[in-house]
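Quick notes on the structure that follows.
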Amino acid sequence: MGERTVTRADLCEAVYQKVGLSRTESAGLVESVLAEISDCLERGETVKLSSFGSFVVRDKGQRIGRNPKTGEEVPIAPRRVLVFKPSAVLKNRINESLSHN
Amino acid sequence: MIKSELVQRIAAANPHLYQRDVELIVNTILDEITGALERGDRVELRGFGAFSVKNRPARIGRNPRTGDKVKVDEKHAPFFKTGKEMRERLNGGSL
């Protein structure tokens, strides 16, 4: 399990095989899809991709953290974080395929 | 934004493509990521983030109401870690 890492190149290849566009154009479209999702998230919008999952931007308030090495208190500034909520379909597919082997 | 809106926006920016081709492109990308996770592989998209599968071993849980012991089976949960560039963009710090 987890022996390989899939990258942009693999996504581009899959799009190239399936859609019948040139490799360059396939790569450009993979990039556009990621850019469109990123732009939305940057504006604070939620991105919902049915049967896959949703990306939600959450606001985190300021809190006091601690340097675990020195025990020193450090303020952690308010910030926005991105959370991925996998859909039930995705969770089930992963569990079914990985639990049976 | 939902998937159909994503498809529409990409189609609007690429007038030479049919909407159904754009739909196929978006679905192919999501299927490829799903397929990788089903094999237990990692998906790393620099600047965006990385998907991986976390293994949650079987454990003995408890029914909080009755205190009864319950067997909880092993689980595999998809996990997403936000990429560095994405994190910076969310916080207005595009370097």
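Ordering of the structure tokens sets the chain letters (A, B, ...); residue numbers start at 1 within each chain; ligands are numbered from 1 in the order shown.
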>> Within 9 Å of chain A, which residues belong to chain B? Use only C-alpha atoms and report them as a VMD selection string.
In response: chain B and resid 1 to 4 6 to 7 9 to 10 21 to 22 24 to 26 28 to 46 48 52 to 53 74 to 82 86 to 87 89 to 92
> In segment 14-56 of chain B, what's strand (DSSP E) per DSSP? Answer as a list in words?
Replying inline: Arg42, Val43, Glu44, Leu45, Gly49, Ala50, Phe51, Ser52, Val53, Lys54, Asn55 and Arg56 of chain B
> Contacts of Lys69 of chain B at 12 Å or less, counting only C-alpha atoms, minus same-chain residues fewer than 5 places along, as a ChimeraX atom specification?
Replying inline: /B:59-64
How would the residues just chosen look if you wrote them out with N, CA, C and O atoms as a CSV table (one decimal), in the first residue's frame?
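And here's part.csv as it stands now:
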chain,number,residue,atom,x,y,z
B,59,ARG,N,-10.1,-1.3,16.6
B,59,ARG,CA,-10.0,-1.0,18.0
B,59,ARG,C,-11.3,-1.4,18.8
B,59,ARG,O,-12.3,-1.7,18.2
B,60,ILE,N,-11.2,-1.5,20.1
B,60,ILE,CA,-12.3,-1.7,20.9
B,60,ILE,C,-12.9,-0.4,21.3
B,60,ILE,O,-12.3,0.4,22.0
B,61,GLY,N,-14.1,-0.1,20.8
B,61,GLY,CA,-14.7,1.2,21.2
B,61,GLY,C,-15.7,0.9,22.3
B,61,GLY,O,-15.9,-0.2,22.7
B,62,ARG,N,-16.4,2.0,22.7
B,62,ARG,CA,-17.4,1.8,23.7
B,62,ARG,C,-18.6,2.6,23.4
B,62,ARG,O,-18.6,3.7,22.9
B,63,ASN,N,-19.7,2.0,23.6
B,63,ASN,CA,-21.0,2.7,23.5
B,63,ASN,C,-21.1,3.7,24.7
B,63,ASN,O,-21.1,3.3,25.8
B,64,PRO,N,-21.0,5.0,24.3
B,64,PRO,CA,-20.9,6.0,25.4
B,64,PRO,C,-22.1,6.0,26.3
B,64,PRO,O,-22.0,6.4,27.5
Using DSSP on the backbone coordinates, identify all residues within chain A classified as helix (DSSP H, G or I); present the result as a JSON list (two decimals) with N, CA, C and O atoms, in the first residue's frame.
[["chain", "number", "residue", "atom", "x", "y", "z"],
["A", 8, "ARG", "N", 0.77, 15.39, -11.24],
["A", 8, "ARG", "CA", 0.15, 16.08, -12.38],
["A", 8, "ARG", "C", 0.36, 15.33, -13.68],
["A", 8, "ARG", "O", -0.54, 15.24, -14.51],
["A", 9, "ALA", "N", 1.57, 14.81, -13.87],
["A", 9, "ALA", "CA", 1.90, 14.11, -15.11],
["A", 9, "ALA", "C", 0.94, 12.95, -15.36],
["A", 9, "ALA", "O", 0.52, 12.72, -16.50],
["A", 10, "ASP", "N", 0.56, 12.23, -14.29],
["A", 10, "ASP", "CA", -0.37, 11.11, -14.43],
["A", 10, "ASP", "C", -1.78, 11.60, -14.77],
["A", 10, "ASP", "O", -2.49, 10.97, -15.56],
["A", 11, "LEU", "N", -2.18, 12.72, -14.18],
["A", 11, "LEU", "CA", -3.50, 13.27, -14.48],
["A", 11, "LEU", "C", -3.54, 13.72, -15.93],
["A", 11, "LEU", "O", -4.52, 13.47, -16.65],
["A", 12, "CYS", "N", -2.47, 14.36, -16.40],
["A", 12, "CYS", "CA", -2.39, 14.83, -17.79],
["A", 12, "CYS", "C", -2.46, 13.64, -18.74],
["A", 12, "CYS", "O", -3.17, 13.68, -19.76],
["A", 13, "GLU", "N", -1.74, 12.58, -18.42],
["A", 13, "GLU", "CA", -1.72, 11.39, -19.26],
["A", 13, "GLU", "C", -3.13, 10.77, -19.35],
["A", 13, "GLU", "O", -3.58, 10.39, -20.43],
["A", 14, "ALA", "N", -3.82, 10.71, -18.21],
["A", 14, "ALA", "CA", -5.18, 10.15, -18.19],
["A", 14, "ALA", "C", -6.12, 10.98, -19.05],
["A", 14, "ALA", "O", -6.91, 10.43, -19.82],
["A", 15, "VAL", "N", -6.00, 12.31, -18.95],
["A", 15, "VAL", "CA", -6.85, 13.20, -19.76],
["A", 15, "VAL", "C", -6.51, 13.02, -21.24],
["A", 15, "VAL", "O", -7.40, 12.93, -22.09],
["A", 16, "TYR", "N", -5.22, 12.93, -21.53],
["A", 16, "TYR", "CA", -4.76, 12.72, -22.91],
["A", 16, "TYR", "C", -5.36, 11.44, -23.49],
["A", 16, "TYR", "O", -5.87, 11.43, -24.62],
["A", 17, "GLN", "N", -5.31, 10.36, -22.72],
["A", 17, "GLN", "CA", -5.84, 9.06, -23.19],
["A", 17, "GLN", "C", -7.35, 9.08, -23.40],
["A", 17, "GLN", "O", -7.85, 8.49, -24.34],
["A", 18, "LYS", "N", -8.06, 9.77, -22.52],
["A", 18, "LYS", "CA", -9.52, 9.73, -22.52],
["A", 18, "LYS", "C", -10.16, 10.70, -23.50],
["A", 18, "LYS", "O", -11.19, 10.41, -24.10],
["A", 19, "VAL", "N", -9.56, 11.90, -23.66],
["A", 19, "VAL", "CA", -10.28, 12.97, -24.35],
["A", 19, "VAL", "C", -9.83, 13.17, -25.79],
["A", 19, "VAL", "O", -10.59, 13.70, -26.61],
["A", 23, "ARG", "N", -1.12, 16.37, -25.95],
["A", 23, "ARG", "CA", -0.56, 16.29, -24.58],
["A", 23, "ARG", "C", -0.46, 17.68, -23.97],
["A", 23, "ARG", "O", -0.77, 17.87, -22.80],
["A", 24, "THR", "N", -0.02, 18.66, -24.79],
["A", 24, "THR", "CA", 0.14, 20.03, -24.28],
["A", 24, "THR", "C", -1.21, 20.58, -23.82],
["A", 24, "THR", "O", -1.31, 21.17, -22.75],
["A", 25, "GLU", "N", -2.23, 20.37, -24.66],
["A", 25, "GLU", "CA", -3.53, 20.91, -24.29],
["A", 25, "GLU", "C", -4.12, 20.19, -23.08],
["A", 25, "GLU", "O", -4.74, 20.81, -22.22],
["A", 26, "SER", "N", -3.90, 18.88, -23.00],
["A", 26, "SER", "CA", -4.36, 18.12, -21.83],
["A", 26, "SER", "C", -3.74, 18.67, -20.56],
["A", 26, "SER", "O", -4.42, 18.88, -19.55],
["A", 27, "ALA", "N", -2.43, 18.94, -20.62],
["A", 27, "ALA", "CA", -1.72, 19.48, -19.46],
["A", 27, "ALA", "C", -2.28, 20.84, -19.08],
["A", 27, "ALA", "O", -2.49, 21.14, -17.90],
["A", 28, "GLY", "N", -2.56, 21.67, -20.10],
["A", 28, "GLY", "CA", -3.10, 23.00, -19.86],
["A", 28, "GLY", "C", -4.46, 22.94, -19.17],
["A", 28, "GLY", "O", -4.76, 23.74, -18.27],
["A", 29, "LEU", "N", -5.27, 21.95, -19.58],
["A", 29, "LEU", "CA", -6.61, 21.84, -18.99],
["A", 29, "LEU", "C", -6.57, 21.33, -17.55],
["A", 29, "LEU", "O", -7.35, 21.78, -16.72],
["A", 30, "VAL", "N", -5.66, 20.40, -17.26],
["A", 30, "VAL", "CA", -5.50, 19.93, -15.88],
["A", 30, "VAL", "C", -5.15, 21.14, -15.00],
["A", 30, "VAL", "O", -5.70, 21.35, -13.93],
["A", 31, "GLU", "N", -4.24, 21.97, -15.52],
["A", 31, "GLU", "CA", -3.82, 23.18, -14.82],
["A", 31, "GLU", "C", -5.00, 24.13, -14.60],
["A", 31, "GLU", "O", -5.17, 24.69, -13.52],
["A", 32, "SER", "N", -5.82, 24.32, -15.65],
["A", 32, "SER", "CA", -6.99, 25.21, -15.55],
["A", 32, "SER", "C", -7.97, 24.74, -14.49],
["A", 32, "SER", "O", -8.54, 25.56, -13.76],
["A", 33, "VAL", "N", -8.18, 23.42, -14.43],
["A", 33, "VAL", "CA", -9.12, 22.89, -13.45],
["A", 33, "VAL", "C", -8.61, 23.18, -12.03],
["A", 33, "VAL", "O", -9.34, 23.69, -11.18],
["A", 34, "LEU", "N", -7.32, 22.91, -11.79],
["A", 34, "LEU", "CA", -6.76, 23.18, -10.46],
["A", 34, "LEU", "C", -6.78, 24.67, -10.15],
["A", 34, "LEU", "O", -7.07, 25.08, -9.02],
["A", 35, "ALA", "N", -6.50, 25.51, -11.17],
["A", 35, "ALA", "CA", -6.47, 26.96, -10.96],
["A", 35, "ALA", "C", -7.87, 27.49, -10.63],
["A", 35, "ALA", "O", -8.02, 28.33, -9.74],
["A", 36, "GLU", "N", -8.88, 26.97, -11.32],
["A", 36, "GLU", "CA", -10.26, 27.42, -11.08],
["A", 36, "GLU", "C", -10.68, 27.07, -9.65],
["A", 36, "GLU", "O", -11.29, 27.89, -8.96],
["A", 37, "ILE", "N", -10.34, 25.85, -9.21],
["A", 37, "ILE", "CA", -10.67, 25.43, -7.84],
["A", 37, "ILE", "C", -9.92, 26.33, -6.84],
["A", 37, "ILE", "O", -10.50, 26.84, -5.89],
["A", 38, "SER", "N", -8.62, 26.55, -7.09],
["A", 38, "SER", "CA", -7.81, 27.36, -6.17],
["A", 38, "SER", "C", -8.34, 28.79, -6.06],
["A", 38, "SER", "O", -8.40, 29.36, -4.96],
["A", 39, "ASP", "N", -8.72, 29.38, -7.22],
["A", 39, "ASP", "CA", -9.23, 30.76, -7.21],
["A", 39, "ASP", "C", -10.48, 30.87, -6.34],
["A", 39, "ASP", "O", -10.64, 31.83, -5.59],
["A", 40, "CYS", "N", -11.37, 29.90, -6.49],
["A", 40, "CYS", "CA", -12.60, 29.87, -5.70],
["A", 40, "CYS", "C", -12.29, 29.83, -4.22],
["A", 40, "CYS", "O", -12.87, 30.57, -3.43],
["A", 41, "LEU", "N", -11.37, 28.94, -3.85],
["A", 41, "LEU", "CA", -11.02, 28.77, -2.44],
["A", 41, "LEU", "C", -10.36, 30.03, -1.89],
["A", 41, "LEU", "O", -10.61, 30.44, -0.77],
["A", 42, "GLU", "N", -9.56, 30.68, -2.73],
["A", 42, "GLU", "CA", -8.89, 31.91, -2.30],
["A", 42, "GLU", "C", -9.93, 32.99, -1.97],
["A", 42, "GLU", "O", -9.73, 33.79, -1.07],
["A", 88, "ALA", "N", -19.17, 10.42, 1.06],
["A", 88, "ALA", "CA", -19.42, 9.04, 1.50],
["A", 88, "ALA", "C", -19.01, 8.06, 0.41],
["A", 88, "ALA", "O", -18.44, 7.00, 0.69],
["A", 89, "VAL", "N", -19.27, 8.43, -0.86],
["A", 89, "VAL", "CA", -18.90, 7.57, -1.99],
["A", 89, "VAL", "C", -17.40, 7.31, -2.00],
["A", 89, "VAL", "O", -16.95, 6.17, -2.11],
["A", 90, "LEU", "N", -16.60, 8.37, -1.84],
["A", 90, "LEU", "CA", -15.14, 8.22, -1.86],
["A", 90, "LEU", "C", -14.67, 7.37, -0.69],
["A", 90, "LEU", "O", -13.86, 6.45, -0.85],
["A", 91, "LYS", "N", -15.21, 7.65, 0.50],
["A", 91, "LYS", "CA", -14.81, 6.89, 1.70],
["A", 91, "LYS", "C", -15.12, 5.41, 1.52],
["A", 91, "LYS", "O", -14.29, 4.55, 1.83],
["A", 92, "ASN", "N", -16.32, 5.12, 1.00],
["A", 92, "ASN", "CA", -16.71, 3.71, 0.81],
["A", 92, "ASN", "C", -15.84, 3.01, -0.21],
["A", 92, "ASN", "O", -15.43, 1.87, -0.01],
["A", 93, "ARG", "N", -15.56, 3.72, -1.32],
["A", 93, "ARG", "CA", -14.75, 3.09, -2.37],
["A", 93, "ARG", "C", -13.37, 2.73, -1.84],
["A", 93, "ARG", "O", -12.84, 1.66, -2.13],
["A", 94, "ILE", "N", -12.77, 3.63, -1.05],
["A", 94, "ILE", "CA", -11.44, 3.38, -0.51],
["A", 94, "ILE", "C", -11.48, 2.23, 0.50],
["A", 94, "ILE", "O", -10.65, 1.32, 0.47],
["A", 95, "ASN", "N", -12.47, 2.25, 1.37],
["A", 95, "ASN", "CA", -12.58, 1.18, 2.37],
["A", 95, "ASN", "C", -12.82, -0.17, 1.74],
["A", 95, "ASN", "O", -12.25, -1.16, 2.16],
["A", 96, "GLU", "N", -13.70, -0.20, 0.73],
["A", 96, "GLU", "CA", -13.99, -1.48, 0.09],
["A", 96, "GLU", "C", -12.77, -2.06, -0.59],
["A", 96, "GLU", "O", -12.49, -3.24, -0.45],
["A", 97, "SER", "N", -12.04, -1.24, -1.31],
["A", 97, "SER", "CA", -10.91, -1.81, -2.05],
["A", 97, "SER", "C", -9.73, -2.13, -1.14],
["A", 97, "SER", "O", -9.01, -3.08, -1.38],
["A", 98, "LEU", "N", -9.54, -1.36, -0.07],
["A", 98, "LEU", "CA", -8.36, -1.61, 0.77],
["A", 98, "LEU", "C", -8.61, -2.62, 1.89],
["A", 98, "LEU", "O", -7.68, -3.21, 2.41],
["A", 99, "SER", "N", -9.86, -2.84, 2.25],
["A", 99, "SER", "CA", -10.12, -3.78, 3.34],
["A", 99, "SER", "C", -10.15, -5.22, 2.87],
["A", 99, "SER", "O", -9.99, -6.13, 3.65]]
> Expressed in Å to a single decimal, how great is the separation between atom CA of Gly65 of chain A and atom CA of Asn55 of chain B?
Replying inline: 28.1 Å
> Distance atom CA of Gly61 of chain A-atom CA of Ala77 of chain A, one decimal place?
Replying inline: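 Calculated distance between atom CA of Gly61 of chain A and atom CA of Ala77 of chain A is 7.3 Å.
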